[in-house]
Structure formats: C-alpha cells, structure tokens
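Student: My questions all concern the structure below.
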Amino acid sequence: MAQRRQLAARLDRDGTVATLMLAPAAVLFGLFFLWPFFRGLWLSLTRWDGFSAPVFVGAANYLKLAQDRLFLGALENNLIFVVLILIFKNALGLGLAILLDRAVFLRGPIRAAVFIPVTLSFAATGLLWSWIYNPVFGLLNAALDLVGLSALKLSWLGDADVALYSIVAVDIWKWLGFHAVIYLAGLQTIPHELYEAARIDGAGPLHRFRHITLPLMMPVVLINVILGLSGAFVRNFDIVQVLTQGGPNHATEVVMTLMVKTAFQDGNMGYASAMGYALFLIVGLACIGLLALMRRAKVAL
Amino acid sequence: MSRTQPLSLTAPAHQAYAHRPWWRQTIAGRSMKELALVYGLLALVLIETLYPLVWVLFGSLKTKEEVIANVWGPPSSFVWQNYAEAWRVSGMGARVVNSLVITGSALALLILAATPAAYALSRLVFRGRGLLLGLVVSAMLVPPQVMAIPLFMTARDLGLVNSRIGVALIHAAANLPLSIFILRSFFLSLPMELEDAARIDGASRLQILIKVMLPLIRPGLALVAIFGFIEIWNDFFLAFLMLRDPALQTIPLGLVAFFQQYGAMWNLYFAALAITTLPVILIFILMQRHFIAGLTAGAVKA
C-alpha cells in the first residue's frame with residue numbers, strides 16, 4: 001500500500017507546479033477552443049435562431065445539407081478551389097524553386113522578392129486584385145490590350161463562368177513564394193554529386209528531374225500539400241468575401257461564406273454550425289486519404 | 001545557399017574555350033544558355049509578383065482622373081496629398097491603433113500561456129501528461145474557422161463581441177496548440193543537465209524556467225511571435241465576425257470598409273493600401289533572413 005502510494009507520488013512528482021504552469025493555457029484553451037468546439041457540435045444538432053431556446057432536431061441538419069443545392073454548389077466550388085490550388089501551387093512552386101536553385105547571382109534578393117505577397121493580408125491582396133481585374137482601369141485588361149489580345153478581355157469577377165478561376169489565380173499569386181521557398185530549402189539538401197554522377201552516366205535534364213529530384217523531394221511535396229490542403233478548404237473566406245462576396249449568383253460561393261450568410265443573414269445558427277462540422281469532416285477525410293495515398297506512392301518510388 | 005558549386009570539371013572552361021560563341025561559355029559551372037533561360041523566366045516571375053505592387057505605388061500618386069487615363073505608367077506628377085487625405089478620410093489612425101492593441105495583447109497572452117505549458121509538457125512529471133499532449137496535437141488538426149459560429153456565441157455570452165480584448169483572447173486560443181508544439185520541441189532540444197545543475201543549487205521550477213530556459217529558447221519564442229503576428233495582424237475573418245463597431249475595426253476591415261463606403265476615389269484607395277502594406281513589407285525585408293530561416297528549418301526537418 002505504502003509502496004503503491006510512493007509510486008503514485010513519483011509519477012505525479014511535479015503535479016502542483018505542472019497544474020500552475022498549465023493553468024493559463026488550460027483556461028484559454030478550454031474557454032475559447034474546447035467549449036465552443038463541443039457546443040458547436042451540439043448546436044449542429046439543433047434548430048436555433050440564436051436568441052430563443054434551441055430545439056433538438058437530431059441529424060436533420062446534416063440530412064438537409066446532403067440535399068441543399070446551395071451547400072452542394074459551395075462544396076463543389078470548394079473542391080475545385082482545393083484541387084486547382086494544390087496542383088498549381090506545387091507545380092509552380094517547385095518550378096520556381098528549381099529556377100532559384102539554378103540562379104548564380106542575386107538568389108537571396110529574388111527569393112525575398114517573390115516572398116513579399118505572402119506577407120500581405122488577404123484583405124489587401126483581395127482589394128489589389130479587384131482593381132487589377134477592374135474592367136475600367138484594371139491592369140489585366142490593359143495588359144491584354146498591350147500584347148494585342150484584346151479579344152480575351154473579360155469581366156474577370158463579374159462573369160459567373162470565370163470568377164471562381166480568377167479568385168483561384170489570386171490565391172496562387174499570394175502563396176507561390178511561400179511554397180517556392182520551402183521547395184528551395186528541400187532542393188538544397190540534395191547532394192550535388194548525385195546530379196554529377198547522373199550527368200556522367202548520360203542522363204538528360206528531364207531524366208535527372210524524374211529520377212533524382214522528384215523522388216528525393218517527395219517528403220517536401222507531402223509537407224507542401226498538407227500545408228496547403230486544410231488551408232485551401234477553410235482559409236478562403238477572406239479572399240472570396242473581399243473579391244466577390246460569393247457572387248455573381250453564388251458562382252464563387254464556398255462553404256465558409258455560405259456558413260456566415262446562413263448564420264448572420266438568415267439567422268440559422270444550428271444549420272450554419274452543421275456546415276462547419278460537415279466541412280471539417282470532409283477535410284479530415286481528405287487529409288487521411290491523401291496521407292495514405294502519399295505513403296503508397298512513396299513506397300512505389 | 002550553403003551548397004558550394006563543384007569547380008573542378010567546369011570552372012576553367014570559360015578560359016580554355018574563350019573563342020566559343022557567348023552561349024557556349026560558362027559562368028560558375030552554368031552555360032550561358034542555361035543562365036539566360038533561368039534569368040529570363042525569373043524576370044517574368046518578378047514582374048508578375050512585383051509589378052502589381054509598383055502599380056499601387058504609381059496609382060497612389062496619381063490624380064483620380066489619371067488613374068483611369070494612364071493605367072500603366074508612372075504618375076505624370078506626384079500627388080503626395082493623396083496620402084494625407086486617404087489617412088484622414090479612411091480614419092486609418094484609429095484602425096492602426098486597434099490592430100496594434102489586438103495583435104500586441106494576443107501575442108502577449110499567447111506567449112504567457114504557451115511557454116509555461118510547453119515547459120510543463122516537456123520537462124515535468126505529472127499524471128495526465130500524455131493525455132494533454134494528445135489533446136494539443138489533435139487540436140492542431142482542427143481549423144478554428146469551422147467552429148466560427150459557436151465561437152461567436154461563446155463570445156456573445158461572455159460580453160466579448162465588439163471587444164478588442166475578446167478578439168485577442170480568441171486569437172491567442174486559436175494559436176495555442178501549434179505554439180505549444182513548437183516551443184515544446186525547443187525545450188526538448190535543451191540538455192537535461194542544465195536543469196539538474198540549477199535544481200541542485202536550489203532553484204525552483206519557475207526560477208529555472210525564467211532564468212535558465214527562457215534565454216535559451218528565444219529563437220523558438222521569435223518563431224511563435226512571427227507566425228502569430230502574420231496570422232493575427234492580417235486576420236479578416238474573426239474581426240469581421242466579432243467587431244461590428246466601426247470604431248473598433250482593424251486595418252484589414254478598415255481597408256475593405258473604406259473601399260465599399262466611398263465611390264470611385266481610386267487614387268485614395270491606392271494610397272490607403274500603400275500606407276497599410278508598405279510598413280509590413282519593409283519589416284519583412286529587414287528581417288527576411290531570420291524569417292525564411294525559421295520557416296524552412298521547421299518545414300524541411302519535420
């Protein structure tokens with residue numbers, strides 16, 4: 001008995017100090033993370049206008065989501081957003097990193113310059129690009145005029161068929177430098193002798209990329225994709241809100257903007273909560289699926 | 001950067017083959033043809049990245065009419081009063097104060113809460129440690145945006161809507177899991193002996209944390225502060241939900257409101273954007289070495 005108590009005491013040697021040191025974080029985390037998380041889970045099972053007493057409705061909100069054309073449309077836009085962003089940010093980021101790796105002079109300053117958009121806020125980036133896309137004095141249409149492609153001039157944010165892709169392009173512009181910098185750091189860990197040896201064996205540039213660069217960069221690709229993935233799902237409220245507010249006619253609606261509208265314009269807090277958690281579930285499944293896929297691809301390489 | 005180019009095979013080439021045409025010559029082991037291609041493409045990337053920002057600078061110094069008449073080029077004369085007027089009309093002074101108050105208090109709360117927690121989770125022995133650690137890691141997988149609605153409700157119940165400190169508290173909580181995780185890895189990298197020596201000298205745990213450990217994990221604190229700063233200073237979403245009172249709005253909200261409130265004051269919009277983004281860009285350029293080093297160390301080692 002006494003031995004047992006001794007053991008327990010040793011396992012909990014710093015119990016008091018630890019409690020004190022963890023207390024501030026626990027209060028902050030409990031009040032503004034754990035509590036809202038579980039409260040929201042419960043709210044998503046209710047019908048609630050935010051003021052009167054919530055009415056428990058079970059899974060009804062989630063079942064309604066599966067048939068809600070607005071929600072499914074927003075989800076589809078979200079998926080297009082995610083897929084395009086992951087492909088372009090990684091392909092262009094790796095391409096830019098390879099260029100930077102080959103640059104003999106001014107590599108540091110160029111790397112810093114391409115990183116500048118990463119430091120801008122989404123609000124500033126969004127406003128800047130809403131002006132670039134502006135039909136009257138916008139830079140983009142003026143550029144098309146300059147190179148003689150006036151036929152391609154469009155209402156970049158007003159045309160329902162193009163607006164989503166215009167927003168995707170802005171997000172890629174903002175984050176390109178971030179991914180390039182991480183890829184560059186990865187490239188610089190590849191020993192140069194590998195390339196020399198391959199060159200002596202007669203391997204061309206494409207061959208060297210396919211058989212040296214790509215396999216050795218796979219872990220960095222994985223980090224970049226994971227970094228981009230959850231962000232691409234949930235971090236698009238700012239940019240969509242500033243550029244189009246989800247319009248024209250919901251053509252650029254994503255789940256986050258629809259959630260905020262459902263909560264604060266329609267006063268449907270329970271349903272809006274369900275949207276958030278449905279998206280969370282989808283992001284989680286996408287991450288798990290991607291990790292499994294990458295693991296298998298890594299084994300194959 | 002750290003990789004040195006192998007000089008043995010190719011370096012003397014540009015002397016030995018000086019009679020070759022320029023594109024066959026080499027510099028630092030690269031053929032001129034390759035370098036021309038690399039720098040040509042890099043120039044395109046630089047134009048695509050930087051010209052929009054230069055365009056804002058140009059626009060901020062034009063008259064309202066010239067913004068539309070002369071889309072491309074530099075301003076024909078510099079209208080410096082655009083800046084004073086944009087600052088006055090948009091009420092940016094109050095917004096800058098709000099952003100400073102929110103970001104400053106959120107970072108202070110974050111570091112005050114995360115540092116002792118990370119220390120306890122890496123060095124102290126107590127029951128429930130594994131469970132708490134698991135909680136921190138799983139919380140990192142939950143993007144706080146998905147629980148925006150219940151967060152808003154919680155803030156409303158606590159009387160924290162339209163409160164700068166309320167926004168700061170939520171930001172601190174949202175950044176807590178990742179910050180604890182980063183700081184913990186810094187604490188774990190320090191040798192145990194340091195601490196044992198201090199304990200033999202009779203120092204308490206809190207004294208050890210403040211006097212011995214804190215100076216050693218300064219790079220970790222800097223990393224947490226830099227990431228937190230970018231996240232919180234640039235945030236639009238949370239401020240959009242929580243700060244309905246125009247007097248409390250932050251810079252990103254103020255910029256968008258200024259743009260939506262007044263019609264077609266293009267030169268002033270450009271000036272307002274320039275005023276608010278240039279300081280951040282300048283700070284980044286001054287600190288970019290530390291910044292990029294911290295970023296890549298985290299990502300490539302992981």
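For the structure tokens, the naming scheme is as follows: chains receive sequential letters (A, B, ...) according to their order of presentation, residues are indexed from 1 within each chain, and ligands are indexed from 1 in presentation order.
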Using only C-alpha atoms, select each residue of chain B with any atom at most 7 Å away from an atom of chain A, and give the selection as a ChimeraX atom specification.
Tutor: /B:3,38,42,46,49,67-68,71,113-114,116-117,120,124-127,145-147,149-151,154,170,173-174,230,234,236-237,252,256,273,277,281,288,296,299-300
Student: Using only C-alpha atoms, which protein or nucleic acid residues come within 10 Å of B:Glu66? Drop anything in the same chain fewer than 6 positions from it, and give the result as a list in words.
Tutor: Phe137 of chain A; Gly59, Gly73, Pro75, Ser76, Ser77, Trp266 and Asn267 of chain B
Student: Now that the selection is made, can you save its residues with C-alpha atoms as a PDB file, in the first residue's frame?
Tutor:
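This went into again37.pdb:
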ATOM      1  CA  PHE A 137      -8.756  50.843 -65.235  1.00  0.00           C
TER       2      PHE A 137
ATOM      3  CA  GLY B  59      -1.651  54.827 -58.608  1.00  0.00           C
ATOM      4  CA  GLY B  73       2.775  54.106 -66.383  1.00  0.00           C
ATOM      5  CA  PRO B  75       2.347  59.309 -62.486  1.00  0.00           C
ATOM      6  CA  SER B  76       2.960  62.456 -64.556  1.00  0.00           C
ATOM      7  CA  SER B  77       3.295  64.441 -61.326  1.00  0.00           C
ATOM      8  CA  TRP B 266      -9.382  55.287 -56.766  1.00  0.00           C
ATOM      9  CA  ASN B 267      -6.243  57.286 -56.074  1.00  0.00           C
TER      10      ASN B 267
END
Student: Using DSSP on the backbone coordinates, identify all residues within stretch 47-218 of chain A classified as helix (DSSP H, G or I); present the result as number ranges by chain.
Tutor: A: 60-65, 69-102, 107-119, 122-132, 139-146, 150-152, 163-187, 192-200, 205-218
Student: Please dump the current selection as a compact mmCIF listing (two decimals), in the first residue's frame; keep C-alpha atoms.
Tutor:
# COMPACT_ATOMS: atom_id res chain seq x y z
CA ALA A 60 -31.85 16.64 -39.55
CA ASN A 61 -29.43 19.49 -40.35
CA TYR A 62 -26.87 17.10 -41.81
CA LEU A 63 -29.52 15.27 -43.84
CA LYS A 64 -30.76 18.61 -45.16
CA LEU A 65 -27.17 19.57 -46.13
CA ARG A 69 -28.25 22.73 -53.69
CA LEU A 70 -26.64 25.91 -52.39
CA PHE A 71 -24.46 23.94 -49.98
CA LEU A 72 -23.54 21.30 -52.55
CA GLY A 73 -22.70 24.06 -55.02
CA ALA A 74 -20.47 25.74 -52.43
CA LEU A 75 -18.84 22.41 -51.67
CA GLU A 76 -18.18 21.81 -55.35
CA ASN A 77 -16.60 25.27 -55.68
CA ASN A 78 -14.56 24.49 -52.59
CA LEU A 79 -13.28 21.26 -54.13
CA ILE A 80 -12.41 22.97 -57.43
CA PHE A 81 -10.58 25.60 -55.39
CA VAL A 82 -8.65 22.96 -53.43
CA VAL A 83 -7.65 20.79 -56.40
CA LEU A 84 -6.53 23.69 -58.61
CA ILE A 85 -4.64 25.34 -55.79
CA LEU A 86 -2.82 22.19 -54.77
CA ILE A 87 -1.77 21.41 -58.34
CA PHE A 88 -0.68 24.92 -59.32
CA LYS A 89 0.94 25.97 -56.05
CA ASN A 90 3.05 22.82 -56.01
CA ALA A 91 3.91 22.64 -59.69
CA LEU A 92 4.71 26.35 -59.98
CA GLY A 93 6.34 26.45 -56.54
CA LEU A 94 8.68 23.59 -57.43
CA GLY A 95 9.37 25.15 -60.84
CA LEU A 96 10.25 28.49 -59.29
CA ALA A 97 12.40 26.76 -56.68
CA ILE A 98 14.35 24.98 -59.44
CA LEU A 99 14.91 28.33 -61.21
CA LEU A 100 16.11 29.88 -57.94
CA ASP A 101 18.39 26.92 -57.32
CA ARG A 102 19.98 27.44 -60.74
CA ARG A 107 19.42 34.46 -55.47
CA GLY A 108 18.75 35.87 -51.98
CA PRO A 109 17.12 39.13 -53.12
CA ILE A 110 14.95 37.36 -55.72
CA ARG A 111 13.84 34.83 -53.11
CA ALA A 112 12.88 37.66 -50.76
CA ALA A 113 11.04 39.50 -53.54
CA VAL A 114 8.85 36.54 -54.51
CA PHE A 115 8.01 36.06 -50.83
CA ILE A 116 6.57 39.57 -50.43
CA PRO A 117 2.94 38.69 -51.35
CA VAL A 118 2.91 36.10 -48.55
CA THR A 119 3.26 38.91 -46.01
CA PHE A 122 -5.92 38.74 -47.68
CA ALA A 123 -7.88 41.98 -47.44
CA ALA A 124 -5.06 43.95 -49.10
CA THR A 125 -4.42 41.21 -51.67
CA GLY A 126 -8.12 40.97 -52.45
CA LEU A 127 -8.55 44.72 -52.92
CA LEU A 128 -5.41 44.92 -55.06
CA TRP A 129 -6.67 42.17 -57.35
CA SER A 130 -10.20 43.52 -57.52
CA TRP A 131 -8.55 46.59 -59.07
CA ILE A 132 -6.31 44.53 -61.35
CA LEU A 139 -4.11 46.18 -65.10
CA LEU A 140 -5.08 42.82 -66.59
CA ASN A 141 -7.28 44.07 -69.43
CA ALA A 142 -4.75 46.82 -70.11
CA ALA A 143 -2.03 44.18 -70.36
CA LEU A 144 -4.11 42.16 -72.81
CA ASP A 145 -4.60 45.30 -74.93
CA LEU A 146 -0.86 45.90 -74.88
CA SER A 150 -7.92 42.42 -76.63
CA ALA A 151 -10.29 39.62 -77.68
CA LEU A 152 -9.53 37.84 -74.41
CA ALA A 163 -14.98 34.39 -61.43
CA LEU A 164 -14.01 31.29 -59.44
CA TYR A 165 -10.85 30.80 -61.50
CA SER A 166 -9.98 34.48 -61.13
CA ILE A 167 -10.09 34.02 -57.35
CA VAL A 168 -8.01 30.84 -57.53
CA ALA A 169 -5.37 32.76 -59.51
CA VAL A 170 -5.16 35.40 -56.76
CA ASP A 171 -4.63 32.75 -54.09
CA ILE A 172 -1.87 31.15 -56.15
CA TRP A 173 -0.24 34.56 -56.68
CA LYS A 174 -0.26 35.19 -52.94
CA TRP A 175 1.21 31.84 -51.85
CA LEU A 176 3.60 30.97 -54.72
CA GLY A 177 6.64 32.42 -52.92
CA PHE A 178 5.86 30.51 -49.74
CA HIS A 179 5.88 27.14 -51.46
CA ALA A 180 8.89 28.05 -53.61
CA VAL A 181 10.94 28.94 -50.52
CA ILE A 182 10.16 25.61 -48.86
CA TYR A 183 10.92 23.68 -52.06
CA LEU A 184 14.18 25.59 -52.49
CA ALA A 185 15.27 24.57 -48.99
CA GLY A 186 14.43 20.97 -49.91
CA LEU A 187 16.34 21.13 -53.20
CA HIS A 192 25.14 17.76 -55.88
CA GLU A 193 27.22 14.65 -56.57
CA LEU A 194 24.05 12.75 -57.47
CA TYR A 195 23.43 15.08 -60.41
CA GLU A 196 27.09 14.97 -61.46
CA ALA A 197 27.08 11.18 -61.44
CA ALA A 198 23.86 11.04 -63.46
CA ARG A 199 25.22 13.55 -65.96
CA ILE A 200 28.36 11.48 -66.43
CA PRO A 205 17.77 17.09 -67.58
CA LEU A 206 14.27 15.54 -67.70
CA HIS A 207 15.66 12.17 -66.71
CA ARG A 208 17.54 13.73 -63.79
CA PHE A 209 14.41 15.54 -62.64
CA ARG A 210 12.28 12.40 -62.84
CA HIS A 211 14.73 10.05 -61.15
CA ILE A 212 16.65 12.24 -58.70
CA THR A 213 14.82 15.47 -57.90
CA LEU A 214 11.28 14.16 -57.73
CA PRO A 215 11.83 11.06 -55.55
CA LEU A 216 14.08 12.92 -53.11
CA MET A 217 11.61 15.81 -52.93
CA MET A 218 8.59 13.65 -52.16
Student: Between atom CA of B:Leu132 and atom CA of B:Arg205, measure the distance and give it in Å to one decimal.
Tutor: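 One can read the atom CA of B:Leu132 to atom CA of B:Arg205 distance as 19.7 Å.
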Student: Run DSSP on the backbone of this structure and report the residues of stretch 22-113 of chain B it assigns to strand (DSSP E), as a ChimeraX atom specification.
Tutor: /B:26-27,30-31
Student: For the selection just defined, write its residues with C-alpha atoms to a file, as a compact mmCIF listing (two decimals), in the first residue's frame.
Tutor:
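Saved as out.txt:
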# COMPACT_ATOMS: atom_id res chain seq x y z
CA THR B 26 30.10 29.06 -68.78
CA ILE B 27 29.95 31.00 -65.54
CA ARG B 30 26.49 27.03 -65.77
CA SER B 31 26.31 27.52 -69.50
Student: What's around B:Lys211 at 12 Å? Count only C-alpha atoms, leave out sequence neighbours fewer than 5 positions away in its own chain, and write the answer as a PDB file with C-alpha atoms, in the first residue's frame.
Tutor:
ATOM      1  CA  LEU B 194      21.364  22.403 -17.335  1.00  0.00           C
ATOM      2  CA  GLU B 195      18.246  21.989 -15.325  1.00  0.00           C
ATOM      3  CA  ALA B 198      20.130  24.613 -11.314  1.00  0.00           C
ATOM      4  CA  ALA B 203      16.301  26.914  -7.824  1.00  0.00           C
ATOM      5  CA  SER B 204      12.540  26.361  -8.069  1.00  0.00           C
ATOM      6  CA  ARG B 205      10.888  25.157 -11.270  1.00  0.00           C
ATOM      7  CA  LEU B 206       9.593  28.629 -12.037  1.00  0.00           C
ATOM      8  CA  LEU B 216      17.858  29.599 -24.427  1.00  0.00           C
ATOM      9  CA  ILE B 217      14.595  29.206 -26.283  1.00  0.00           C
TER      10      ILE B 217
END
Student: To one decimal place in Å, what is the distance between atom CA of B:Pro219 and atom CA of B:Met192?
Tutor: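 Distance between the two atoms: 18.7 Å.
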Student: Find the distance between atom CA of B:Pro143 and atom CA of A:Gly247 and write it in Å to one decimal.
Tutor: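 Distance between the two atoms: 24.8 Å.
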Student: Would you pick out the contacts of A:Ser52 at 12 Å or less, using only C-alpha atoms, so that residues sharing its chain but fewer than 5 positions from it are not included, and give the list as a ChimeraX atom specification?
Tutor: /A:46-47,267-269
Student: Could you turn the residues from that selection into a file that holds C-alpha atoms, as a tab-separated table (two decimals), in the first residue's frame?
Tutor:
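Full text of again_12.tsv as output:
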chain	number	residue	atom	x	y	z
A	46	THR	CA	-30.48	21.82	-33.18
A	47	ARG	CA	-32.64	24.38	-34.89
A	267	GLY	CA	-30.30	33.67	-38.52
A	268	ASN	CA	-29.99	29.91	-38.79
A	269	MET	CA	-27.26	29.15	-36.25
